[in-house]
Amino acid sequence: MKEEHIDIAVLGGGCAGLQLIHQLAKHPLLQHKRVALLSDAVPQQRTWCFWSQHKHPLQGLVSKSWSKVSFRGNGFTKTECILPFQYHYINGESFFNYFEHDFIPQQSNLTQVTAAITSLKSNENGFDIQSAQFKWSAKSVFSSIGTSTHNQHRHALWQHFKGWFLKMDAPVFDDTIATLMDFSIPQNNDVRFIYILPFSAQEALVEATFFSAATYEDASYDRILDQYMAENYPGVNYHIERTEKGQISMNDARFSRFGTEGEVLIGTNAGMVKPTTGYAFHRISKDVKEIARSINDGTELKWNATKGRFRFYDRLLLGILSDTPHLGKVIFSRLFSKVPLQTVLRFLDEETSLWEELKIFIQLPYLPFIKQIFKQALR
Ligand SMILES: Cc1cc2nc3c(=O)[nH]c(=O)nc-3n(C[C@H](O)[C@H](O)[C@H](O)COP(=O)(O)OP(=O)(O)OC[C@H]3O[C@@H](n4cnc5c(N)ncnc54)[C@H](O)[C@@H]3O)c2cc1C
């Protein structure tokens, strides 16, 4: 088996791996390194949404942005302008097509190999990487491949969802407003809500999202979507153009910047999925940008996964949602009804001050949180 020598190996060609090679290419020093992108497959197509105050490095792939978002809870609907934030949508197909057809072919220092990595070992000069047919030696490795942490931790829920991309027979949507959570559906002892991204007055992604310990049969999501459409858009016919289905682990695993062989972890592997929301795209973008900058500058790698008090908050909420899922609707309703949405977004980005967090917490039902603090302390 012939061995190839490279400077930088990026393992996994999904959200994190591709965004990392995009960032590496921005630094003149790194354009002279031999980089290899090693991945077994393109991940299942998905929709990526995120909020941001600034232009994203892949802003050209954003096909729709909303500056107003809505929340529907117990007997109220709150719609608010979130500027200077905007809520952005990237279609997974555009993302992967851009890398495959535009970006990767233009990088003369980059090799892309389709391979399932079977072994990664460190040595005195760097790393040995192997697949069934290939062998590489690399000075540095950035890895988004690995095993799921879902079953290793005390608090683990699945965020699982199925969405319909709909074409309606009549103009029913306000396409200036994205609905992040509509809790008007029966909860059935889960946390359940509808998520709506309207692309035009007649087109939208309408998604049934659940947080629960187990995932469900396809028919459960379809039944809920069917009923929701009948109740909210009575008499309007629609056509389901395509569907999206997925599941994201929401768990309180302890992640790390480095893997067991000393490789740098990126993406889900590095704890970039916010445990209580499942959002990861923007955090991955910020992380790989910082990684590329520090390799170029030769500075120490930082790590911006959930840490400190935000990890504590996430563990409490995950604990409450696992033990008493019926409280999910109450807690989210209080949060969204009482706190300005820009503050909620900054809190979820872990950019609020302790004082702002105290002002958020006094709006929430405090007993479940106190009980959860004692429960976790006594374990
Ligand atoms: C359906 C869905 C929708 C989502 N929507 C959003 C959203 O709207 N907003 C948001 O912020 N987050 C969202 N997320 C969460 C998060 O952004 C994604 O999970 C993101 O893809 C994580 O990036 P990653 O690079 O860590 O993993 P992936 O994108 O899954 O990439 C990992 C790559 O590694 C490859 N690989 C795995 N094992 C090996 C191996 N042994 N050898 C070689 N290659 C290997 C895989 O084939 C894949 O290409 C969503 C997740 C899902 C599942």
# chains A, B, ... in the order shown; residues from 1 in each chain; ligands from 1
$ closest_atom_pairs --of "chain A" --to "ligand 1" --cutoff "8 Å" --atoms "only C-alpha atoms and all ligand atoms" --output "Markdown table"
| residue | atom | partner | partner_atom_place_in_ligand_line | distance |
| --- | --- | --- | --- | --- |
| A:Leu11 | CA | ligand 1 | 44 (N) | 6.1 |
| A:Gly12 | CA | ligand 1 | 34 (O) | 3.3 |
| A:Gly13 | CA | ligand 1 | 49 (O) | 4.3 |
| A:Gly14 | CA | ligand 1 | 31 (O) | 3.3 |
| A:Cys15 | CA | ligand 1 | 25 (O) | 3.9 |
| A:Ala16 | CA | ligand 1 | 25 (O) | 3.6 |
| A:Gly17 | CA | ligand 1 | 25 (O) | 5.6 |
| A:Leu18 | CA | ligand 1 | 25 (O) | 7.7 |
| A:Leu38 | CA | ligand 1 | 43 (C) | 6.0 |
| A:Ser39 | CA | ligand 1 | 44 (N) | 3.6 |
| A:Asp40 | CA | ligand 1 | 44 (N) | 4.0 |
| A:Ala41 | CA | ligand 1 | 47 (O) | 4.3 |
| A:Val42 | CA | ligand 1 | 49 (O) | 4.5 |
| A:Pro43 | CA | ligand 1 | 49 (O) | 4.5 |
| A:Gln44 | CA | ligand 1 | 1 (C) | 7.3 |
| A:Gln45 | CA | ligand 1 | 1 (C) | 7.2 |
| A:Arg46 | CA | ligand 1 | 1 (C) | 4.8 |
| A:Thr47 | CA | ligand 1 | 5 (N) | 5.2 |
| A:Trp48 | CA | ligand 1 | 8 (O) | 3.4 |
| A:Cys49 | CA | ligand 1 | 8 (O) | 3.7 |
| A:Phe50 | CA | ligand 1 | 11 (O) | 5.4 |
| A:Tyr89 | CA | ligand 1 | 8 (O) | 7.6 |
| A:Thr114 | CA | ligand 1 | 43 (C) | 7.6 |
| A:Ala115 | CA | ligand 1 | 43 (C) | 5.7 |
| A:Ala116 | CA | ligand 1 | 42 (N) | 3.5 |
| A:Ile117 | CA | ligand 1 | 42 (N) | 3.8 |
| A:Thr118 | CA | ligand 1 | 41 (N) | 5.9 |
| A:Ser131 | CA | ligand 1 | 42 (N) | 7.8 |
| A:Ser144 | CA | ligand 1 | 26 (O) | 5.1 |
| A:Ile145 | CA | ligand 1 | 38 (N) | 4.3 |
| A:Gly146 | CA | ligand 1 | 38 (N) | 5.9 |
| A:Thr147 | CA | ligand 1 | 38 (N) | 7.9 |
| A:Phe161 | CA | ligand 1 | 1 (C) | 7.9 |
| A:Glu244 | CA | ligand 1 | 1 (C) | 6.8 |
| A:Lys245 | CA | ligand 1 | 1 (C) | 5.7 |
| A:Gly246 | CA | ligand 1 | 1 (C) | 3.9 |
| A:Gln247 | CA | ligand 1 | 53 (C) | 5.2 |
| A:Ile248 | CA | ligand 1 | 53 (C) | 5.4 |
| A:Ile266 | CA | ligand 1 | 26 (O) | 6.5 |
| A:Gly267 | CA | ligand 1 | 26 (O) | 3.5 |
| A:Thr268 | CA | ligand 1 | 26 (O) | 3.8 |
| A:Asn269 | CA | ligand 1 | 26 (O) | 5.9 |
| A:Ala270 | CA | ligand 1 | 26 (O) | 7.9 |
| A:Met272 | CA | ligand 1 | 26 (O) | 7.6 |
| A:Val273 | CA | ligand 1 | 15 (C) | 6.4 |
| A:Gly278 | CA | ligand 1 | 15 (C) | 5.8 |
| A:Tyr279 | CA | ligand 1 | 11 (O) | 3.4 |
| A:Ala280 | CA | ligand 1 | 11 (O) | 3.6 |
| A:Phe281 | CA | ligand 1 | 11 (O) | 3.6 |
| A:His282 | CA | ligand 1 | 11 (O) | 5.9 |
| A:Arg283 | CA | ligand 1 | 11 (O) | 7.4 |
| A:Ile284 | CA | ligand 1 | 23 (O) | 7.4 |
$ write_last_selection --atoms "N, CA and C atoms" --output "compact mmCIF listing (two decimals), in the first residue's frame"
# COMPACT_ATOMS: atom_id res chain seq x y z
N LEU A 11 -10.37 15.10 8.39
CA LEU A 11 -11.14 13.86 8.34
C LEU A 11 -12.63 14.18 8.47
N GLY A 12 -13.40 13.80 7.46
CA GLY A 12 -14.85 14.07 7.45
C GLY A 12 -15.15 15.29 6.59
N GLY A 13 -15.94 15.05 5.55
CA GLY A 13 -16.25 16.14 4.62
C GLY A 13 -17.68 16.61 4.79
N GLY A 14 -18.07 16.89 6.04
CA GLY A 14 -19.42 17.42 6.29
C GLY A 14 -19.33 18.90 6.60
N CYS A 15 -20.21 19.32 7.47
CA CYS A 15 -20.33 20.75 7.82
C CYS A 15 -19.00 21.33 8.33
N ALA A 16 -18.35 20.63 9.26
CA ALA A 16 -17.13 21.18 9.87
C ALA A 16 -15.92 21.03 8.94
N GLY A 17 -15.76 19.84 8.34
CA GLY A 17 -14.59 19.60 7.48
C GLY A 17 -14.56 20.56 6.31
N LEU A 18 -15.70 20.75 5.66
CA LEU A 18 -15.74 21.62 4.49
C LEU A 18 -15.53 23.08 4.88
N LEU A 38 -10.39 13.84 3.64
CA LEU A 38 -10.63 12.39 3.58
C LEU A 38 -12.00 12.11 4.19
N SER A 39 -12.93 11.64 3.37
CA SER A 39 -14.28 11.42 3.89
C SER A 39 -14.93 10.26 3.16
N ASP A 40 -15.78 9.54 3.89
CA ASP A 40 -16.41 8.38 3.25
C ASP A 40 -17.57 8.79 2.36
N ALA A 41 -18.31 9.83 2.75
CA ALA A 41 -19.50 10.19 1.96
C ALA A 41 -19.92 11.60 2.30
N VAL A 42 -20.75 12.15 1.46
CA VAL A 42 -21.38 13.44 1.76
C VAL A 42 -22.52 13.11 2.73
N PRO A 43 -22.67 13.88 3.85
CA PRO A 43 -23.77 13.55 4.77
C PRO A 43 -25.13 13.73 4.10
N GLN A 44 -26.12 13.16 4.72
CA GLN A 44 -27.49 13.29 4.25
C GLN A 44 -27.81 14.79 4.08
N GLN A 45 -28.53 15.11 3.01
CA GLN A 45 -28.86 16.52 2.74
C GLN A 45 -29.62 17.11 3.93
N ARG A 46 -29.31 18.33 4.26
CA ARG A 46 -30.01 18.95 5.38
C ARG A 46 -30.11 20.46 5.18
N THR A 47 -30.99 21.02 5.97
CA THR A 47 -31.21 22.46 5.95
C THR A 47 -30.40 23.06 7.09
N TRP A 48 -29.67 24.12 6.83
CA TRP A 48 -28.94 24.75 7.92
C TRP A 48 -29.46 26.15 8.17
N CYS A 49 -29.87 26.40 9.38
CA CYS A 49 -30.30 27.74 9.76
C CYS A 49 -29.47 28.21 10.94
N PHE A 50 -29.29 29.50 11.01
CA PHE A 50 -28.52 30.07 12.12
C PHE A 50 -28.84 31.56 12.19
N TYR A 89 -30.97 31.04 6.20
CA TYR A 89 -31.23 29.66 5.72
C TYR A 89 -30.25 29.30 4.61
N THR A 114 -12.22 9.88 -1.42
CA THR A 114 -13.37 9.21 -0.80
C THR A 114 -12.86 7.94 -0.14
N ALA A 115 -12.88 7.93 1.18
CA ALA A 115 -12.34 6.78 1.92
C ALA A 115 -12.93 6.75 3.32
N ALA A 116 -13.21 5.54 3.80
CA ALA A 116 -13.65 5.40 5.19
C ALA A 116 -12.41 5.19 6.04
N ILE A 117 -12.15 6.09 6.94
CA ILE A 117 -10.94 6.00 7.77
C ILE A 117 -11.14 4.90 8.82
N THR A 118 -10.17 4.01 8.88
CA THR A 118 -10.30 2.89 9.83
C THR A 118 -9.32 3.00 10.99
N SER A 131 -7.08 3.79 5.60
CA SER A 131 -8.40 3.29 5.21
C SER A 131 -8.12 1.91 4.61
N SER A 144 -13.60 15.32 12.22
CA SER A 144 -15.03 15.40 12.57
C SER A 144 -15.65 14.02 12.48
N ILE A 145 -14.82 12.97 12.48
CA ILE A 145 -15.37 11.62 12.43
C ILE A 145 -15.25 11.01 13.83
N GLY A 146 -16.20 10.18 14.18
CA GLY A 146 -16.12 9.57 15.51
C GLY A 146 -17.41 8.90 15.86
N THR A 147 -17.45 8.38 17.07
CA THR A 147 -18.66 7.67 17.47
C THR A 147 -19.58 8.61 18.25
N PHE A 161 -36.94 15.23 14.05
CA PHE A 161 -37.89 16.07 13.31
C PHE A 161 -38.12 15.54 11.90
N GLU A 244 -37.76 16.52 4.78
CA GLU A 244 -36.45 16.49 5.47
C GLU A 244 -36.66 15.79 6.79
N LYS A 245 -35.74 14.89 7.14
CA LYS A 245 -35.88 14.17 8.39
C LYS A 245 -34.52 14.11 9.06
N GLY A 246 -34.49 14.16 10.37
CA GLY A 246 -33.18 14.07 11.01
C GLY A 246 -33.31 13.93 12.51
N GLN A 247 -32.18 13.67 13.13
CA GLN A 247 -32.14 13.62 14.59
C GLN A 247 -30.78 14.13 15.07
N ILE A 248 -30.83 14.88 16.15
CA ILE A 248 -29.60 15.47 16.70
C ILE A 248 -29.55 15.08 18.17
N ILE A 266 -13.12 18.64 15.61
CA ILE A 266 -13.94 19.75 15.08
C ILE A 266 -15.40 19.27 14.96
N GLY A 267 -16.31 20.22 14.82
CA GLY A 267 -17.73 19.89 14.60
C GLY A 267 -18.37 19.25 15.81
N THR A 268 -19.31 18.34 15.54
CA THR A 268 -20.04 17.66 16.62
C THR A 268 -19.06 17.01 17.60
N ASN A 269 -17.99 16.43 17.05
CA ASN A 269 -16.95 15.78 17.85
C ASN A 269 -16.34 16.68 18.91
N ALA A 270 -16.31 17.97 18.63
CA ALA A 270 -15.68 18.92 19.55
C ALA A 270 -16.72 19.60 20.43
N MET A 272 -19.62 21.06 19.44
CA MET A 272 -20.12 22.30 18.85
C MET A 272 -21.65 22.36 18.76
N VAL A 273 -22.31 21.23 19.04
CA VAL A 273 -23.79 21.25 19.05
C VAL A 273 -24.23 21.77 20.42
N GLY A 278 -29.61 22.13 19.82
CA GLY A 278 -29.24 21.36 18.63
C GLY A 278 -28.61 22.22 17.55
N TYR A 279 -28.53 23.54 17.75
CA TYR A 279 -27.88 24.40 16.74
C TYR A 279 -26.36 24.21 16.82
N ALA A 280 -25.72 24.13 15.64
CA ALA A 280 -24.27 23.95 15.61
C ALA A 280 -23.61 24.71 14.47
N PHE A 281 -24.36 25.01 13.42
CA PHE A 281 -23.76 25.49 12.18
C PHE A 281 -22.89 26.73 12.41
N HIS A 282 -23.43 27.73 13.07
CA HIS A 282 -22.71 28.99 13.21
C HIS A 282 -21.53 28.85 14.17
N ARG A 283 -21.73 28.01 15.19
CA ARG A 283 -20.65 27.81 16.14
C ARG A 283 -19.48 27.08 15.46
N ILE A 284 -19.82 26.12 14.59
CA ILE A 284 -18.78 25.43 13.83
C ILE A 284 -18.04 26.44 12.94
$ residues_around --residues "A:Pro340" --least-positions-apart "2" --cutoff "12 Å" --atoms "only C-alpha atoms" --output "ChimeraX atom specification"
/A:69-71,78-83,334-338,342-347,356,359-360,363
$ select_by_dssp --residues "stretch 28-275 of chain A" --states "strand (DSSP E or B)" --output "PyMOL selection string"
chain A and resi 35-39+47-52+62-66+68-73+76-81+86-91+110-114+117-123+126-131+135-143+156-168+177-182+191-198+203-212+238-251+258+264-265
$ closest_residue --among "A:Leu354, A:Leu29, A:Ile320, A:Ile331" --to "A:Ile373" --atoms "only C-alpha atoms"
A:Ile320
$ closest_residue --among "A:Gly262, A:Ile90, A:Pro234, A:Gly73" --to "A:Thr179" --atoms "only C-alpha atoms"
A:Gly73
$ closest_residue --among "A:Met181, A:Gly163, A:Gly298, A:Gln107" --to "A:Ser220" --atoms "only C-alpha atoms"
A:Gly163
$ closest_residue --among "A:Ser119, A:Gln59, A:Asn232, A:Gln86" --to "A:Ala178" --atoms "only C-alpha atoms"
A:Gln86
$ select_by_dssp --residues "stretch 18-215 of chain A" --states "alpha helix (DSSP H)" --output "VMD selection string"
chain A and resid 18 to 24 92 to 97
$ atom_distance --atom1 "atom CA of A:Phe193" --atom2 "atom CA of A:Phe85"
22.8 Å
$ decode --residues "stretch 264-294 of chain A" --atoms "C-alpha atoms" --output "PDB file, in the first residue's frame"
ATOM      1  CA  VAL A 264      -7.766  18.364  16.833  1.00  0.00           C
ATOM      2  CA  LEU A 265     -11.482  17.649  17.060  1.00  0.00           C
ATOM      3  CA  ILE A 266     -13.939  19.747  15.081  1.00  0.00           C
ATOM      4  CA  GLY A 267     -17.725  19.888  14.604  1.00  0.00           C
ATOM      5  CA  THR A 268     -20.036  17.656  16.621  1.00  0.00           C
ATOM      6  CA  ASN A 269     -16.949  15.780  17.848  1.00  0.00           C
ATOM      7  CA  ALA A 270     -15.677  18.916  19.548  1.00  0.00           C
ATOM      8  CA  GLY A 271     -18.992  19.642  21.315  1.00  0.00           C
ATOM      9  CA  MET A 272     -20.117  22.303  18.850  1.00  0.00           C
ATOM     10  CA  VAL A 273     -23.787  21.251  19.049  1.00  0.00           C
ATOM     11  CA  LYS A 274     -25.468  23.389  21.710  1.00  0.00           C
ATOM     12  CA  PRO A 275     -26.927  20.691  24.017  1.00  0.00           C
ATOM     13  CA  THR A 276     -30.263  22.422  24.621  1.00  0.00           C
ATOM     14  CA  THR A 277     -31.029  23.657  21.101  1.00  0.00           C
ATOM     15  CA  GLY A 278     -29.243  21.357  18.626  1.00  0.00           C
ATOM     16  CA  TYR A 279     -27.883  24.396  16.745  1.00  0.00           C
ATOM     17  CA  ALA A 280     -24.272  23.955  15.609  1.00  0.00           C
ATOM     18  CA  PHE A 281     -23.759  25.493  12.184  1.00  0.00           C
ATOM     19  CA  HIS A 282     -22.710  28.988  13.213  1.00  0.00           C
ATOM     20  CA  ARG A 283     -20.651  27.809  16.143  1.00  0.00           C
ATOM     21  CA  ILE A 284     -18.780  25.431  13.827  1.00  0.00           C
ATOM     22  CA  SER A 285     -18.184  28.347  11.420  1.00  0.00           C
ATOM     23  CA  LYS A 286     -16.705  30.496  14.180  1.00  0.00           C
ATOM     24  CA  ASP A 287     -14.610  27.614  15.543  1.00  0.00           C
ATOM     25  CA  VAL A 288     -12.996  26.611  12.226  1.00  0.00           C
ATOM     26  CA  LYS A 289     -12.304  30.267  11.402  1.00  0.00           C
ATOM     27  CA  GLU A 290     -10.431  30.585  14.678  1.00  0.00           C
ATOM     28  CA  ILE A 291      -8.592  27.278  14.064  1.00  0.00           C
ATOM     29  CA  ALA A 292      -7.375  28.383  10.620  1.00  0.00           C
ATOM     30  CA  ARG A 293      -6.245  31.715  12.031  1.00  0.00           C
ATOM     31  CA  SER A 294      -4.288  30.123  14.852  1.00  0.00           C
TER      32      SER A 294
END
